[in-house]
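Participant: First the structure, then my questions, so here it is.
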Amino acid sequence: MITFKRVSIALSVAALLAGCSSGVKLDENAAAGANGGANTSGAASGVAGVDLTGSQIDADGGPRGVGRVVYFDFDSFIVKPDAQGLVDANARFIKADPSRKVTVEGHTDERGGREYNLALGQKRAEAVRRSLNLLGVSDNQVEAVSFGEEKPAVSGNNEAAYSQNRRAELSYR
Amino acid sequence: MNTEPQILTSPLQAVVPLTSRRTLLAAMAATSALPALAQFRVEVTGVGLTQLPIALPAFRGEEGAPQKISQIIRADLERSGQFRNVDAAGVALDETSRPEMAQWRQRAADALVTGSVTRLADGRFDVRFRLWDVVKGQDLGGQGFAVTQADLRLVAHRIADFVYEKLTGERGIFSTRIAYVTKAGKRYVLWVADADGENAQSALSSSEPIISPAWSPNGGELAYVSFEARKPVVYVHDVASGRRRLVANFRGSNSAPAWAPDGATLAVTLTRDGLSQLYRISSHGGQPTRLTQSNGIDTEPAFSADGKTVYFVSDRGGSPQIYKVAATGGSAQRVTFSGNYNISPTVSPDGRWLAYISRVGGAFKLFVMELESGNATSVTDTSDDESPSFAPNSRLIVYATKQGGREALMTTTLDGKIKARLAGQGGEIREPDWGPYQKY
């Protein structure tokens with residue numbers, strides 16, 4: 001039993017070290033100590049410190065420092081060129097770990113019928129999903145859903161508000 | 001002709017499964033400040049071509065009773081658009097009186113309703129009425145009921161149904177129910193209320209949106225779309241018990257439930273194959289079968305009353321228009337040709353009319369189309385109309401709109417001439433659906 005315990009501690013330390021060094025592949029520039037592996041003594045009671053200050057994962061589980069919202073023109077479902085950088089960065093993040101899942105949530109402005117707007121929001125979500133697919137993100141890591149007009153980001157009956165509401169959001173929750 | 005009132009006793013007590021919850025809710029409403037629950041006042045506007053003038057003096061005993069029976073009946077009949085109230089203030093009659101017909105002819109009334117409300121020893125109420133044809137001087141019959149306090153409004157609605165049916169030859173809808181959704185801040189509630197908007201009871205409360213409630217053909221269940229799982233899914237909810245079942249949670253969005261008249265299947269909009277398309281599914285869930293096939297958005301299915309046709313919205317032609325398809329599938333035919341945005345179809349139970357929303361110059365307006373001719377008429381003065389639904393007798397439509405910037409539920413006659421606002425207090429009110437006749 002003692003042997004088992006020692007082996008299991010060793011294994012868990014090794015696993016922690018392995019996890020730190022290979023699982024979090026985001027930060028290409030991380031210093032050697034930033035992603036753990038600080039326990040160099042190899043002692044069974046050692047602790048492998050993990051430093052999140054250099055982490056590239058945000059509080060919502062998505063990529064830090066990368067936008068989540070793609071905006072659309074009126075009556076349009078095309079991902080515009082200025083959103084491409086955002087889509088690329090999110091695609092890279094998702095592809096880095098096959099266990100990551102993202103939901104693309106499509107929205108419309110408040111004009112028009114609720115059910116038809118639900119379908120329009122879905123088209124926006126699908127457009128972003130297709131963009132992710134084209135960048136190599138696999139289908140089982142993305143789901144496209146719609147909130148239609150039900151969850152506006154900004155309230156108001158003017159184009160300023162409408163333009164902020166015609167969007168697709170990438171959600172990592 | 002009846003000259004003696006019949007006493008119908010217990011059936012009305014058992015009739016409304018929500019009775020005990022209703023009393024509880026009434027007590028709660030007195031103490032809590034729930035928006036949109038407190039008061040529904042009926043404001044009726046418009047002048048109809050043929051309105052039968054009817055006098056409804058106060059029922060003897062209603063002053064001291066919890067509900068003003070004659071006033072509930074009056075509001076029901078006025079809202080139908082087919083009756084006009086004749087002033088009967090200060091008149092003291094009951095169902096045993098032999099009214100002076102000449103006096104009522106002089107007041108230009110064609111019909112007269114008298115009655116009484118008496119509190120019984122066991123706490124229930126004995127409600128009786130009699131209907132008179134003033135023109136012919138004939139007693140058209142009457143009835144009596146023994147009911148709990150909680151059922152007093154229902155009794156008034158049943159009397160309104162009797163009067164309406166005797167005088168118009170058509171079935172009354174005053175004892176039916178409506179469902180609707182309110183939003184107050186981040187709280188959404190799905191309500192079940194009487195057709196006059198009163199007696200609302202909460203069927204579902206949520207901090208995420210609820211849309212598209214749809215009554216089952218037997219009035220026992222509501223299908224709706226809930227966003228509680230952070231995506232739209234379809235539930236079927238037993239109203240009396242509160243038990244519900246998840247019917248559609250496929251990949252993507254699930255919405256727009258519509259009941260087939262047999263109550264066993266629903267048409268729904270699913271995006272599982274990439275685009276919003278229509279499918280049929282059992283009302284108990286399971287595998288869906290595809291109903292429409294297009295390269296556009298197909299949504300908002302609505303069955304005809306005979307179950308053979310499904311009307312729906314499609315933008316396969318470039319902009320949303322209303323189409324119809326056989327309920328078993330096949331090729332679709334276009335139904336709307338005016339304007340470039342026609343949505344939210346609903347067919348009258350008698351099969352004669354299609355109500356829908358059309359965008360005209362930026363305004364969203366309720367239209368009624370006579371299906372045989374294809375002629376469509378705008379029936380409102382408002383510009384934010386949504387979600388029309390026919391009453392079971394095909395004579396009225398309930399819809400949501402904005403008046404003075406605030407959301408409201410309205411009813412209208414099919415010609416648009418008589419409208420009633422089911423006014424709410426605070427909060428936003430939308431998504432009405434008119435329930436079927438109840439088999440009480």
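Chain labels run A, B, ... following the order of the structure tokens; each chain numbers its residues from 1, and ligands are numbered from 1 in the order shown.
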Enumerate as a list in words the residues belonging to chain A that approach chain B to within 6 Å, with only C-alpha atoms taken into account.
Facilitator: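 Listed by rising number, the hits are Ala119, Ala144 and Val145 of chain A.
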Participant: Could you save the residues just selected, with C-alpha atoms, as a tab-separated table (two decimals), in the first residue's frame?
Facilitator:
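File produced: selection-v6.tsv:
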```
chain	number	residue	atom	x	y	z
A	119	ALA	CA	-34.24	32.18	-37.94
A	144	ALA	CA	-24.78	27.46	-33.71
A	145	VAL	CA	-27.90	28.71	-31.90
```
Participant: Tell me, as an NGL selection string, which residues lie within 10 Å of Val360 (chain B), counting only C-alpha atoms; anything in the same chain fewer than 6 positions away does not count.
Facilitator: :B and (338-342 or 378 or 383)
Participant: Of the residues B:Ser205, B:Ser389, B:Thr45, B:Gln138, which is the one nearest to Ser348 (chain B), using only C-alpha atoms?
Facilitator: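 Of B:Ser205, B:Ser389, B:Thr45, B:Gln138, the one nearest Ser348 (chain B) is B:Ser389, counting only C-alpha atoms.
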Participant: When you look at region 434-439 of chain B with a cut-off of 7 Å (counting only C-alpha atoms), what residues show up, excluding the ones that are within fewer than 5 positions of it in the same chain? I need them as JSON, numbers by chain.
Facilitator: {"B": [176, 177, 178, 179, 215, 217, 218, 219, 389, 390, 391, 392]}
Participant: Quick one: write out the picked residues with C-alpha atoms as a PDB file, in the first residue's frame?
Facilitator:
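Once everything was written out, this is selection32.pdb:
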```
ATOM      1  CA  THR B 176     -62.225  30.286 -22.992  1.00  0.00           C
ATOM      2  CA  ARG B 177     -58.677  31.113 -21.908  1.00  0.00           C
ATOM      3  CA  ILE B 178     -55.706  32.897 -23.374  1.00  0.00           C
ATOM      4  CA  ALA B 179     -52.006  32.433 -22.762  1.00  0.00           C
ATOM      5  CA  TRP B 215     -52.481  25.804 -26.771  1.00  0.00           C
ATOM      6  CA  PRO B 217     -56.397  21.380 -29.174  1.00  0.00           C
ATOM      7  CA  ASN B 218     -57.966  20.111 -25.932  1.00  0.00           C
ATOM      8  CA  GLY B 219     -56.823  23.130 -23.926  1.00  0.00           C
ATOM      9  CA  SER B 389     -54.549  34.383 -32.824  1.00  0.00           C
ATOM     10  CA  PHE B 390     -58.215  33.606 -33.621  1.00  0.00           C
ATOM     11  CA  ALA B 391     -60.918  32.991 -31.039  1.00  0.00           C
ATOM     12  CA  PRO B 392     -62.426  29.496 -31.399  1.00  0.00           C
TER      13      PRO B 392
END
```
Participant: If we count only C-alpha atoms, what is near region 64-68 of chain B at a cut-off of 9 Å, once residues fewer than 3 positions away on the same chain are taken out, given as a list of chain:residue names?
Facilitator: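 What passes the distance filter is B:Ala58, B:Phe59, B:Gly61, B:Gln71, B:Ile72, B:Ile73, B:Val117, B:Thr118, B:Arg119, B:Phe125, B:Gln149, B:Leu152, B:Arg153, B:Ala156.
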Participant: Of the candidates B:Gly142, B:Pro432, B:Gly220, B:Pro99, which one gets nearest to Leu190 (chain B) if we count only C-alpha atoms?
Facilitator: B:Pro432
Participant: Write out as a list in words each polymer residue whose atoms come within 6 Å of region 91-103 of chain A, counting only C-alpha atoms; drop sequence neighbours fewer than 6 positions from it.
Facilitator: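 Everything that qualifies: Leu132, Val137, Gln141, Val142, Glu143, Ala144, Leu170, Ser171 and Tyr172 of chain A.
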Participant: The selected residues should be written to file as an mmCIF file, in the first residue's frame (atoms: N, CA and C atoms).
Facilitator:
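Generated file (result.cif):
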```
data_model
loop_
_atom_site.group_PDB
_atom_site.id
_atom_site.type_symbol
_atom_site.label_atom_id
_atom_site.label_comp_id
_atom_site.auth_asym_id
_atom_site.auth_seq_id
_atom_site.Cartn_x
_atom_site.Cartn_y
_atom_site.Cartn_z
ATOM 1 N N LEU A 132 -15.519 29.214 -39.096
ATOM 2 C CA LEU A 132 -14.669 28.407 -38.213
ATOM 3 C C LEU A 132 -14.341 27.068 -38.864
ATOM 4 N N VAL A 137 -11.773 24.131 -37.826
ATOM 5 C CA VAL A 137 -12.409 23.740 -36.562
ATOM 6 C C VAL A 137 -13.409 22.630 -36.844
ATOM 7 N N GLN A 141 -17.115 20.601 -32.247
ATOM 8 C CA GLN A 141 -16.704 21.563 -31.231
ATOM 9 C C GLN A 141 -17.506 22.857 -31.295
ATOM 10 N N VAL A 142 -18.410 22.949 -32.258
ATOM 11 C CA VAL A 142 -19.178 24.190 -32.425
ATOM 12 C C VAL A 142 -20.662 23.888 -32.506
ATOM 13 N N GLU A 143 -21.481 24.652 -31.807
ATOM 14 C CA GLU A 143 -22.922 24.597 -32.032
ATOM 15 C C GLU A 143 -23.398 26.017 -32.331
ATOM 16 N N ALA A 144 -24.229 26.155 -33.363
ATOM 17 C CA ALA A 144 -24.780 27.462 -33.714
ATOM 18 C C ALA A 144 -26.219 27.528 -33.226
ATOM 19 N N LEU A 170 -19.421 34.519 -29.739
ATOM 20 C CA LEU A 170 -18.820 33.218 -29.449
ATOM 21 C C LEU A 170 -18.811 33.041 -27.940
ATOM 22 N N SER A 171 -19.462 31.995 -27.484
ATOM 23 C CA SER A 171 -19.613 31.789 -26.054
ATOM 24 C C SER A 171 -18.930 30.509 -25.631
ATOM 25 N N TYR A 172 -18.054 30.634 -24.659
ATOM 26 C CA TYR A 172 -17.308 29.470 -24.187
ATOM 27 C C TYR A 172 -17.848 28.926 -22.877
#
```
Participant: Nearest to Ala168 (chain A) among A:Gly106, A:Phe74, A:Arg64, A:Pro81, with distances taken over only C-alpha atoms: which residue is it?
Facilitator: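 Under the stated criterion, the closest residue is A:Gly106.
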Participant: Determine, counting only C-alpha atoms, which protein, DNA and RNA residues have an atom within 9 Å of an atom of Thr289 (chain B); residues of the same chain fewer than 4 positions away are not included. Present the result as a ChimeraX atom specification.
Facilitator: /B:278-281
Participant: In Å, how far is it from CA of Gly81 (chain B) to CA of Gly197 (chain B)?
Facilitator: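 For CA of Gly81 (chain B) relative to CA of Gly197 (chain B), the distance reads 16.8 Å.
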Participant: So, with only C-alpha atoms as the atoms that count, which of A:Ser131, A:Asn90, A:Asn140, A:Gln56 lies closest to Arg68 (chain A)?
Facilitator: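 Once distances to Arg68 (chain A) are computed over only C-alpha atoms, the minimum belongs to A:Asn90.
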Participant: Could you tell me how far CA of Ala160 (chain A) sits from CA of Asp73 (chain A), in Å to one decimal place?
Facilitator: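 Between CA of Asp73 (chain A) and CA of Ala160 (chain A) the gap is 11.8 Å.
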Participant: Between CA of Glu100 (chain B) and CA of Leu56 (chain B), measure the distance and give it in Å to one decimal.
Facilitator: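 Straight-line distance from CA of Glu100 (chain B) to CA of Leu56 (chain B) works out to 14.4 Å.
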Participant: Tell me which protein, DNA and RNA residues are within 9 Å of Val347 (chain B), counting only C-alpha atoms, leaving out same-chain ones fewer than 5 positions away, and put them as an NGL selection string.
Facilitator: :B and (302-305 or 311 or 352-356 or 389-390 or 394)
Participant: Could you take the residues named above and write them with N, CA and C atoms, as a PDB file, in the first residue's frame?
Facilitator:
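Writing the result to part19.pdb gives the following:
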```pdb
ATOM      1  N   ALA B 302     -48.540  26.750 -39.194  1.00  0.00           N
ATOM      2  CA  ALA B 302     -49.871  26.878 -38.593  1.00  0.00           C
ATOM      3  C   ALA B 302     -50.788  25.914 -39.327  1.00  0.00           C
ATOM      4  N   PHE B 303     -51.406  24.982 -38.580  1.00  0.00           N
ATOM      5  CA  PHE B 303     -52.294  23.999 -39.200  1.00  0.00           C
ATOM      6  C   PHE B 303     -53.652  24.611 -39.497  1.00  0.00           C
ATOM      7  N   SER B 304     -54.275  24.154 -40.581  1.00  0.00           N
ATOM      8  CA  SER B 304     -55.686  24.454 -40.785  1.00  0.00           C
ATOM      9  C   SER B 304     -56.482  23.590 -39.816  1.00  0.00           C
ATOM     10  N   ALA B 305     -57.750  23.970 -39.563  1.00  0.00           N
ATOM     11  CA  ALA B 305     -58.543  23.270 -38.551  1.00  0.00           C
ATOM     12  C   ALA B 305     -58.817  21.817 -38.931  1.00  0.00           C
ATOM     13  N   TYR B 311     -49.925  26.147 -43.117  1.00  0.00           N
ATOM     14  CA  TYR B 311     -49.468  27.440 -43.618  1.00  0.00           C
ATOM     15  C   TYR B 311     -48.139  27.749 -42.937  1.00  0.00           C
ATOM     16  N   ARG B 352     -62.173  30.075 -43.070  1.00  0.00           N
ATOM     17  CA  ARG B 352     -62.451  31.121 -44.050  1.00  0.00           C
ATOM     18  C   ARG B 352     -61.396  32.204 -44.120  1.00  0.00           C
ATOM     19  N   TRP B 353     -60.663  32.420 -43.022  1.00  0.00           N
ATOM     20  CA  TRP B 353     -59.805  33.604 -42.951  1.00  0.00           C
ATOM     21  C   TRP B 353     -58.374  33.246 -42.582  1.00  0.00           C
ATOM     22  N   LEU B 354     -57.459  34.094 -43.068  1.00  0.00           N
ATOM     23  CA  LEU B 354     -56.059  33.995 -42.673  1.00  0.00           C
ATOM     24  C   LEU B 354     -55.677  35.345 -42.073  1.00  0.00           C
ATOM     25  N   ALA B 355     -55.188  35.343 -40.855  1.00  0.00           N
ATOM     26  CA  ALA B 355     -54.666  36.577 -40.261  1.00  0.00           C
ATOM     27  C   ALA B 355     -53.143  36.491 -40.297  1.00  0.00           C
ATOM     28  N   TYR B 356     -52.486  37.626 -40.519  1.00  0.00           N
ATOM     29  CA  TYR B 356     -51.022  37.614 -40.561  1.00  0.00           C
ATOM     30  C   TYR B 356     -50.522  39.034 -40.357  1.00  0.00           C
ATOM     31  N   SER B 389     -53.998  35.702 -33.132  1.00  0.00           N
ATOM     32  CA  SER B 389     -54.549  34.383 -32.824  1.00  0.00           C
ATOM     33  C   SER B 389     -56.064  34.490 -32.837  1.00  0.00           C
ATOM     34  N   PHE B 390     -56.761  33.562 -33.517  1.00  0.00           N
ATOM     35  CA  PHE B 390     -58.215  33.606 -33.621  1.00  0.00           C
ATOM     36  C   PHE B 390     -58.881  33.035 -32.377  1.00  0.00           C
ATOM     37  N   SER B 394     -64.026  31.977 -34.451  1.00  0.00           N
ATOM     38  CA  SER B 394     -63.546  32.658 -35.660  1.00  0.00           C
ATOM     39  C   SER B 394     -64.005  34.099 -35.794  1.00  0.00           C
TER      40      SER B 394
END
```
Participant: So which one's closest to Val70 (chain A), A:Ala48, A:Ala153, A:Val128, A:Ala43? Using only C-alpha atoms, please.
Facilitator: A:Val128
Participant: Counting only C-alpha atoms, which of A:Ala161, A:Gly61, A:Arg124, A:Lys151 gets nearest to Val79 (chain A)?
Facilitator: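 Going through A:Ala161, A:Gly61, A:Arg124, A:Lys151 one by one, the smallest distance to Val79 (chain A) is for A:Arg124.
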